>>> print(open('run.txt').read())   # compact mmCIF, C-alpha atoms
# COMPACT_ATOMS: atom_id res chain seq x y z
CA MET A 142 -0.98 7.82 14.70
CA LYS A 143 -4.03 7.21 12.57
CA ASP A 144 -3.37 10.45 10.65
CA LYS A 145 0.07 9.18 9.71
CA PHE A 146 -1.04 5.69 8.71
CA ILE A 147 -3.36 5.93 5.73
CA ILE A 148 -3.02 2.44 4.25
CA GLY A 149 -6.45 0.80 4.25
CA ARG A 150 -8.36 4.07 4.59
CA TYR A 151 -10.96 5.22 2.08
CA LEU A 152 -11.79 8.81 1.13
CA PRO A 153 -15.35 8.98 -0.31
CA LEU A 154 -14.85 11.69 -2.96
CA ASP A 155 -16.42 12.15 -6.39
CA THR A 156 -13.51 12.11 -8.85
CA LEU A 157 -12.59 10.40 -12.10
CA ILE A 158 -10.34 7.95 -10.24
CA HIS A 159 -13.07 7.14 -7.72
CA ARG A 160 -15.57 6.40 -10.50
CA LEU A 161 -13.34 3.89 -12.26
CA ASP A 162 -14.19 0.22 -12.03
CA PRO A 163 -12.17 -1.32 -9.15
CA ARG A 164 -11.05 -4.12 -11.50
CA ALA A 165 -9.52 -1.55 -13.83
CA LYS A 166 -7.76 0.16 -10.93
CA LEU A 167 -6.46 -3.14 -9.60
CA ILE A 168 -5.08 -4.19 -13.01
CA PHE A 169 -3.59 -0.72 -13.56
CA VAL A 170 -1.81 -0.78 -10.21
CA MET A 171 -0.40 -4.28 -10.77
CA VAL A 172 0.95 -3.35 -14.22
CA PHE A 173 2.26 -0.03 -12.89
CA ILE A 174 4.18 -1.86 -10.15
CA ILE A 175 5.77 -4.07 -12.82
CA LEU A 176 6.81 -0.91 -14.70
CA ILE A 177 8.32 0.46 -11.49
CA PHE A 178 10.60 -2.58 -11.31
CA ILE A 179 11.68 -1.95 -14.92
CA ALA A 180 12.79 1.63 -14.15
CA HIS A 181 16.48 2.02 -13.32
CA SER A 182 17.56 5.61 -14.04
CA PHE A 183 16.70 9.09 -12.85
CA ALA A 184 14.80 9.85 -16.08
CA THR A 185 12.58 6.77 -15.71
CA TYR A 186 11.86 7.54 -12.06
CA LEU A 187 11.05 11.18 -12.93
CA TRP A 188 8.60 9.88 -15.56
CA LEU A 189 6.94 7.61 -12.97
CA LEU A 190 6.85 10.45 -10.43
CA LEU A 191 5.12 12.68 -12.99
CA LEU A 192 2.51 9.97 -13.62
CA ILE A 193 1.89 9.47 -9.90
CA GLY A 194 1.52 13.25 -9.51
CA ILE A 195 -1.10 13.32 -12.28
CA ILE A 196 -3.00 10.41 -10.70
CA VAL A 197 -2.93 12.09 -7.29
CA ARG A 198 -4.15 15.33 -8.86
CA LEU A 199 -7.03 13.58 -10.62
CA SER A 200 -8.03 11.82 -7.39
CA LYS A 201 -8.02 15.17 -5.50
CA ILE A 202 -5.79 13.75 -2.79
CA LYS A 203 -3.36 16.20 -1.26
CA LEU A 204 0.22 15.19 -2.05
CA TRP A 205 1.37 16.12 1.44
CA PHE A 206 -1.34 13.88 2.90
CA LEU A 207 0.00 11.01 0.79
CA VAL A 208 3.66 11.68 1.68
CA LYS A 209 2.77 11.94 5.38
CA GLY A 210 1.28 8.47 5.10
CA LEU A 211 4.81 7.15 4.45
CA THR A 212 5.92 8.25 7.93
CA PRO A 213 5.55 4.79 9.57
CA ILE A 214 7.89 3.19 7.01
CA TRP A 215 10.66 5.82 7.01
CA ILE A 216 12.78 3.65 9.32
CA PHE A 217 12.47 0.75 6.88
CA LEU A 218 13.38 3.01 3.94
CA ILE A 219 16.41 4.41 5.76
CA PHE A 220 17.55 0.89 6.69
CA THR A 221 17.15 -0.24 3.07
CA PHE A 222 19.20 2.72 1.82
CA ALA A 223 21.93 2.05 4.40
CA MET A 224 22.16 -1.62 3.40
CA HIS A 225 22.80 -0.70 -0.25
CA LEU A 226 25.06 2.19 0.76
CA PHE A 227 27.51 -0.06 2.60
CA LEU A 228 27.08 -3.40 0.81
CA THR A 229 26.73 -2.48 -2.89
CA LYS A 230 30.15 -1.99 -4.51
CA GLY A 231 31.07 -0.49 -7.84
CA GLY A 232 31.82 2.80 -9.51
CA THR A 233 34.04 5.36 -7.79
CA ARG A 234 35.23 4.78 -4.22
CA LEU A 235 34.17 7.82 -2.16
CA ILE A 236 34.88 6.82 1.44
CA GLU A 237 37.00 4.04 2.88
CA ILE A 238 37.54 3.77 6.62
CA ALA A 239 38.84 0.43 7.91
CA PHE A 240 36.34 -2.19 6.70
CA ILE A 241 33.69 0.42 5.80
CA SER A 242 33.60 1.72 2.23
CA ILE A 243 31.07 3.70 0.23
CA ASP A 244 30.95 3.66 -3.58
CA THR A 245 28.89 5.67 -6.04
CA ALA A 246 27.09 2.50 -7.14
CA GLY A 247 25.89 1.95 -3.57
CA ILE A 248 24.49 5.47 -3.33
CA LEU A 249 22.69 5.23 -6.68
CA GLU A 250 21.32 1.75 -6.00
CA GLY A 251 20.12 2.83 -2.55
CA ILE A 252 18.30 5.84 -4.02
CA TYR A 253 16.73 3.71 -6.76
CA ILE A 254 15.47 1.07 -4.31
CA VAL A 255 14.04 3.67 -1.91
CA LEU A 256 12.27 5.45 -4.77
CA ARG A 257 10.96 2.12 -6.01
CA LEU A 258 9.49 1.22 -2.63
CA MET A 259 8.03 4.71 -2.17
CA PHE A 260 6.34 4.63 -5.59
CA ILE A 261 4.87 1.17 -4.95
CA ILE A 262 3.44 2.26 -1.61
CA MET A 263 2.14 5.56 -3.02
CA ILE A 264 0.31 4.04 -6.01
CA SER A 265 -1.12 1.26 -3.83
CA THR A 266 -2.26 3.79 -1.23
CA VAL A 267 -3.97 5.89 -3.91
CA MET A 268 -5.90 2.78 -4.94
CA THR A 269 -7.08 2.07 -1.37
CA LEU A 270 -7.94 5.74 -0.77
CA THR A 271 -10.11 5.88 -3.91
CA THR A 272 -11.70 2.41 -3.65
CA SER A 273 -13.94 1.18 -0.88
CA PRO A 274 -12.93 -2.11 0.77
CA ILE A 275 -16.11 -3.80 -0.51
CA ASP A 276 -15.44 -2.79 -4.13
CA LEU A 277 -11.81 -3.80 -3.82
CA THR A 278 -12.80 -7.21 -2.48
CA ASP A 279 -15.34 -7.69 -5.28
CA ALA A 280 -12.73 -6.75 -7.89
CA PHE A 281 -10.21 -9.14 -6.38
CA GLU A 282 -12.73 -11.98 -6.40
CA ARG A 283 -13.90 -11.28 -9.96
CA LEU A 284 -10.37 -11.19 -11.35
CA LEU A 285 -9.39 -14.42 -9.61
CA ASN A 286 -12.69 -16.14 -10.33
CA PRO A 287 -11.16 -18.49 -13.02
CA LEU A 288 -8.93 -19.97 -10.32
CA LYS A 289 -11.98 -21.62 -8.78
CA TRP A 290 -11.70 -24.27 -11.51
CA ILE A 291 -8.46 -25.50 -9.91
CA LYS A 292 -10.01 -25.54 -6.42
CA ILE A 293 -8.38 -22.34 -5.12
CA PRO A 294 -10.61 -20.75 -2.41
CA VAL A 295 -10.97 -17.37 -4.11
CA HIS A 296 -13.95 -16.27 -2.03
CA GLN A 297 -12.18 -17.08 1.23
CA LEU A 298 -9.08 -15.16 0.12
CA SER A 299 -11.21 -12.17 -0.84
CA MET A 300 -12.99 -12.28 2.50
CA MET A 301 -9.68 -12.34 4.39
CA MET A 302 -8.40 -9.37 2.36
CA SER A 303 -11.59 -7.43 3.05
CA ILE A 304 -11.43 -8.11 6.78
CA ALA A 305 -7.73 -7.17 6.87
CA LEU A 306 -8.38 -3.84 5.13
CA ARG A 307 -11.24 -3.07 7.47
CA PHE A 308 -9.18 -3.94 10.55
CA ILE A 309 -6.27 -1.60 9.75
CA PRO A 310 -8.10 1.68 10.56
CA THR A 311 -9.79 0.00 13.52
CA LEU A 312 -6.48 -1.10 15.01
CA MET A 313 -5.03 2.38 14.43
CA ASN A 314 -7.91 3.90 16.41
CA GLU A 315 -7.37 1.32 19.14
CA LEU A 316 -3.64 2.13 19.21
CA ASP A 317 -4.46 5.84 19.61
CA LYS A 318 -6.65 5.08 22.61
CA ILE A 319 -3.94 2.92 24.20
CA ILE A 320 -1.31 5.65 23.64
CA LEU A 321 -3.55 8.29 25.27
CA ALA A 322 -4.21 5.93 28.19
CA GLN A 323 -0.47 5.32 28.67
CA LYS A 324 0.31 9.05 28.46
CA SER A 325 -2.34 9.79 31.10
CA ARG A 326 -0.45 7.37 33.37
CA GLY A 327 2.81 9.30 32.86
CA SER A 328 4.40 7.10 30.19
CA GLU A 329 6.91 8.91 27.96
CA ILE A 330 6.30 7.67 24.42
CA SER A 331 7.06 10.64 22.16
CA SER A 332 10.14 11.92 23.99
CA GLY A 333 13.53 10.64 25.04
CA SER A 334 16.10 8.58 23.18
CA ILE A 335 15.27 6.05 20.47
CA ALA A 336 15.99 3.17 22.86
CA ASN A 337 13.58 4.59 25.46
CA ARG A 338 10.88 5.10 22.82
CA ILE A 339 11.22 1.49 21.69
CA LYS A 340 10.93 0.30 25.29
CA ALA A 341 7.88 2.52 25.79
CA PHE A 342 6.14 0.91 22.80
CA VAL A 343 6.41 -2.61 24.24
CA PRO A 344 3.56 -2.03 26.76
CA LEU A 345 1.44 -0.82 23.82
CA LEU A 346 1.80 -3.99 21.78
CA ILE A 347 0.39 -6.39 24.39
CA PRO A 348 -3.01 -4.67 24.82
CA LEU A 349 -3.13 -4.03 21.06
CA PHE A 350 -2.70 -7.75 20.29
CA VAL A 351 -5.23 -8.67 22.98
CA SER A 352 -7.72 -6.22 21.47
CA ALA A 353 -7.07 -7.54 17.94
CA PHE A 354 -7.66 -11.17 18.97
CA GLN A 355 -10.79 -10.17 20.90
CA ARG A 356 -12.21 -8.35 17.87
CA ALA A 357 -11.36 -11.31 15.63
CA GLU A 358 -13.14 -13.68 18.00
CA ASP A 359 -16.19 -11.41 18.20
CA LEU A 360 -16.32 -11.21 14.40
CA ALA A 361 -16.03 -14.99 14.05
CA ILE A 362 -18.85 -15.54 16.55
CA ALA A 363 -21.05 -12.94 14.83
CA MET A 364 -20.51 -14.57 11.42
CA GLU A 365 -21.23 -18.02 12.84
CA VAL A 366 -24.43 -16.84 14.58
CA ARG A 367 -25.67 -15.34 11.30
CA GLY A 368 -25.12 -18.66 9.55
CA TYR A 369 -22.26 -17.57 7.33
CA ASP A 370 -20.91 -20.46 5.26
CA THR A 371 -17.89 -20.02 2.99
CA ASN A 372 -18.88 -23.05 0.91
CA LYS A 373 -22.22 -21.56 -0.17
CA GLN A 374 -22.53 -19.71 -3.46
CA ARG A 375 -23.13 -16.03 -2.69
CA THR A 376 -24.57 -13.21 -4.77
CA SER A 377 -23.63 -9.51 -4.75
CA TYR A 378 -26.00 -6.64 -4.06
CA ARG A 379 -23.83 -4.21 -6.05
CA ARG A 380 -22.80 -5.18 -9.59
CA LEU A 381 -19.53 -4.00 -11.08
CA GLN A 382 -19.99 -2.35 -14.48
CA TRP A 383 -17.10 -2.03 -16.92
CA GLN A 384 -17.26 1.21 -18.93
CA LEU A 385 -15.32 2.89 -21.75
CA GLN A 386 -13.27 4.94 -19.32
CA ASP A 387 -12.01 1.74 -17.70
CA THR A 388 -10.84 0.39 -21.06
CA LEU A 389 -9.09 3.69 -21.84
CA THR A 390 -7.37 3.57 -18.44
CA LEU A 391 -5.75 0.25 -19.33
CA VAL A 392 -4.94 1.36 -22.89
CA ILE A 393 -3.00 4.32 -21.48
CA LEU A 394 -0.58 1.80 -19.97
CA ILE A 395 0.79 1.06 -23.47
CA PRO A 396 2.29 4.54 -24.18
CA ILE A 397 3.39 4.77 -20.54
CA ALA A 398 5.35 1.53 -20.89
CA LEU A 399 6.79 2.51 -24.31
CA ILE A 400 8.08 5.85 -23.00
CA LEU A 401 9.55 4.14 -19.95
CA ILE A 402 11.33 1.52 -22.05
CA ALA A 403 12.59 4.21 -24.44
CA LEU A 404 14.06 6.22 -21.53
CA LYS A 405 15.71 3.09 -20.18
CA VAL A 406 17.20 2.13 -23.57
CA ILE A 407 18.53 5.63 -24.13
CA GLY A 408 20.12 5.43 -20.70
CA VAL A 409 19.27 8.97 -19.63
>>> encode(input="run.txt", output="structure tokens")
Amino acid sequence: MKDKFIIGRYLPLDTLIHRLDPRAKLIFVMVFIILIFIAHSFATYLWLLLLIGIIVRLSKIKLWFLVKGLTPIWIFLIFTFAMHLFLTKGGTRLIEIAFISIDTAGILEGIYIVLRLMFIIMISTVMTLTTSPIDLTDAFERLLNPLKWIKIPVHQLSMMMSIALRFIPTLMNELDKIILAQKSRGSEISSGSIANRIKAFVPLLIPLFVSAFQRAEDLAIAMEVRGYDTNKQRTSYRRLQWQLQDTLTLVILIPIALILIALKVIGV
């Protein structure tokens, strides 16, 4: 399970993407997600796919490793495609049986939405794989630092995000242990019908939630014992340094956006 769920994991490699300032990566990803929502044709999605391929290549992450990380959300993607397939109307009517009808517009819209969700998850996962949780938390806090003037608890939000990212791999490891324990007791989890598999996962959720709450309580007690206070002004051991390559990374977004808009206007 943990090999198929890579969100929140970090690969400590030495690449150009890894060496970028986490603030630059965070801004790039947010703008890139906005560009993904602008895309609405096969040419625009091919352009975005090419860019994601280049980013994955530069980060030295295997594409198959990244695609395999989408395995836990395939059911959600299939459900999303089916919703647009049967509910979106327009274009040429292909199939009509009783109250069920499928149009070309539904197929195209379903493909576009699935690609959009896949690209968002892929580019976000690349960011988490190439950025340590501590750096990502520092970048998040630095970017939102002006919001402190309007009394928004930026440090608390950053701390919660950091803890959440750290807990994802931990919970996946815990889930693996629970699955192995259930299999040793004769539970059939990876075989049988879909309904039986769903029923078999119910006994996994209860100990997983109990373990998650226990870990959260232990963490809260440990922080309290060490005198952690969210209202105190804290300093950072590691300083983020903005370099020329970070500026160039954000400047590259301009031609990327112009090409995307041009492809959309042309209507290819």
>>> axis_aligned_box(input="run.txt", around="region 264-278 of chain A", padding_each_side="5 Å", output="AutoDock Vina command-line options")
--center_x -7.9 --center_y -0.7 --center_z -2.6 --size_x 26.4 --size_y 23.1 --size_z 16.8
>>> closest_residue(input="run.txt", among="A:Phe308, A:Tyr151, A:Tyr253, A:Tyr186", to="Leu360 (chain A)", atoms="all atoms listed in the file")
A:Phe308
>>> atom_distance(input="run.txt", atom1="CA of Ala184 (chain A)", atom2="CA of Leu404 (chain A)")
6.6 Å
>>> residues_near_point(input="run.txt", point="(29.2, 7.9, -7.9)", cutoff="6 Å", atoms="all atoms listed in the file", output="list in words")
Gly232, Thr233, Thr245 and Ala246 of chain A
>>> atom_distance(input="run.txt", atom1="CA of Ile347 (chain A)", atom2="CA of Leu321 (chain A)")
15.2 Å
>>> atom_distance(input="run.txt", atom1="CA of Pro287 (chain A)", atom2="CA of Gln382 (chain A)")
18.5 Å
>>> residues_around(input="run.txt", residues="Thr271 (chain A)", least_positions_apart="4", cutoff="10 Å", atoms="all atoms listed in the file", output="NGL selection string")
:A and (150-161 or 163 or 166 or 200-202 or 266-267 or 277)
>>> residues_around(input="run.txt", residues="Phe169 (chain A)", least_positions_apart="3", cutoff="8 Å", atoms="only C-alpha atoms", output="PyMOL selection string")
chain A and resi 165-166+172-173+390-391+394
>>> write_last_selection(input="run.txt", atoms="C-alpha atoms", output="compact mmCIF listing (two decimals), keeping the file's coordinate frame")
# COMPACT_ATOMS: atom_id res chain seq x y z
CA ALA A 165 -9.52 -1.55 -13.83
CA LYS A 166 -7.76 0.16 -10.93
CA VAL A 172 0.95 -3.35 -14.22
CA PHE A 173 2.26 -0.03 -12.89
CA THR A 390 -7.37 3.57 -18.44
CA LEU A 391 -5.75 0.25 -19.33
CA LEU A 394 -0.58 1.80 -19.97
>>> closest_residue(input="run.txt", among="A:Leu349, A:Ile196, A:Leu167, A:Leu226", to="Ile241 (chain A)", atoms="only C-alpha atoms")
A:Leu226
>>> closest_residue(input="run.txt", among="A:Leu189, A:Ala239, A:Met364, A:Val255", to="Ile216 (chain A)", atoms="only C-alpha atoms")
A:Val255
>>> closest_residue(input="run.txt", among="A:Leu249, A:Ala353, A:Ile395, A:Met171", to="Asn314 (chain A)", atoms="only C-alpha atoms")
A:Ala353
>>> residues_near_point(input="run.txt", point="(-11.6, -15.1, 11.4)", cutoff="10 Å", atoms="all atoms listed in the file", output="VMD selection string")
chain A and resid 300 to 301 304 to 305 354 356 to 362 364
>>> write_last_selection(input="run.txt", atoms="C-alpha atoms", output="mmCIF file, in the frame of the given file")
data_model
loop_
_atom_site.group_PDB
_atom_site.id
_atom_site.type_symbol
_atom_site.label_atom_id
_atom_site.label_comp_id
_atom_site.auth_asym_id
_atom_site.auth_seq_id
_atom_site.Cartn_x
_atom_site.Cartn_y
_atom_site.Cartn_z
ATOM 1 C CA MET A 300 -12.990 -12.280 2.500
ATOM 2 C CA MET A 301 -9.680 -12.340 4.390
ATOM 3 C CA ILE A 304 -11.430 -8.110 6.780
ATOM 4 C CA ALA A 305 -7.730 -7.170 6.870
ATOM 5 C CA PHE A 354 -7.660 -11.170 18.970
ATOM 6 C CA ARG A 356 -12.210 -8.350 17.870
ATOM 7 C CA ALA A 357 -11.360 -11.310 15.630
ATOM 8 C CA GLU A 358 -13.140 -13.680 18.000
ATOM 9 C CA ASP A 359 -16.190 -11.410 18.200
ATOM 10 C CA LEU A 360 -16.320 -11.210 14.400
ATOM 11 C CA ALA A 361 -16.030 -14.990 14.050
ATOM 12 C CA ILE A 362 -18.850 -15.540 16.550
ATOM 13 C CA MET A 364 -20.510 -14.570 11.420
#
>>> closest_residue(input="run.txt", among="A:Ile275, A:Leu385, A:Ile402, A:Val392", to="Leu306 (chain A)", atoms="all atoms listed in the file")
A:Ile275
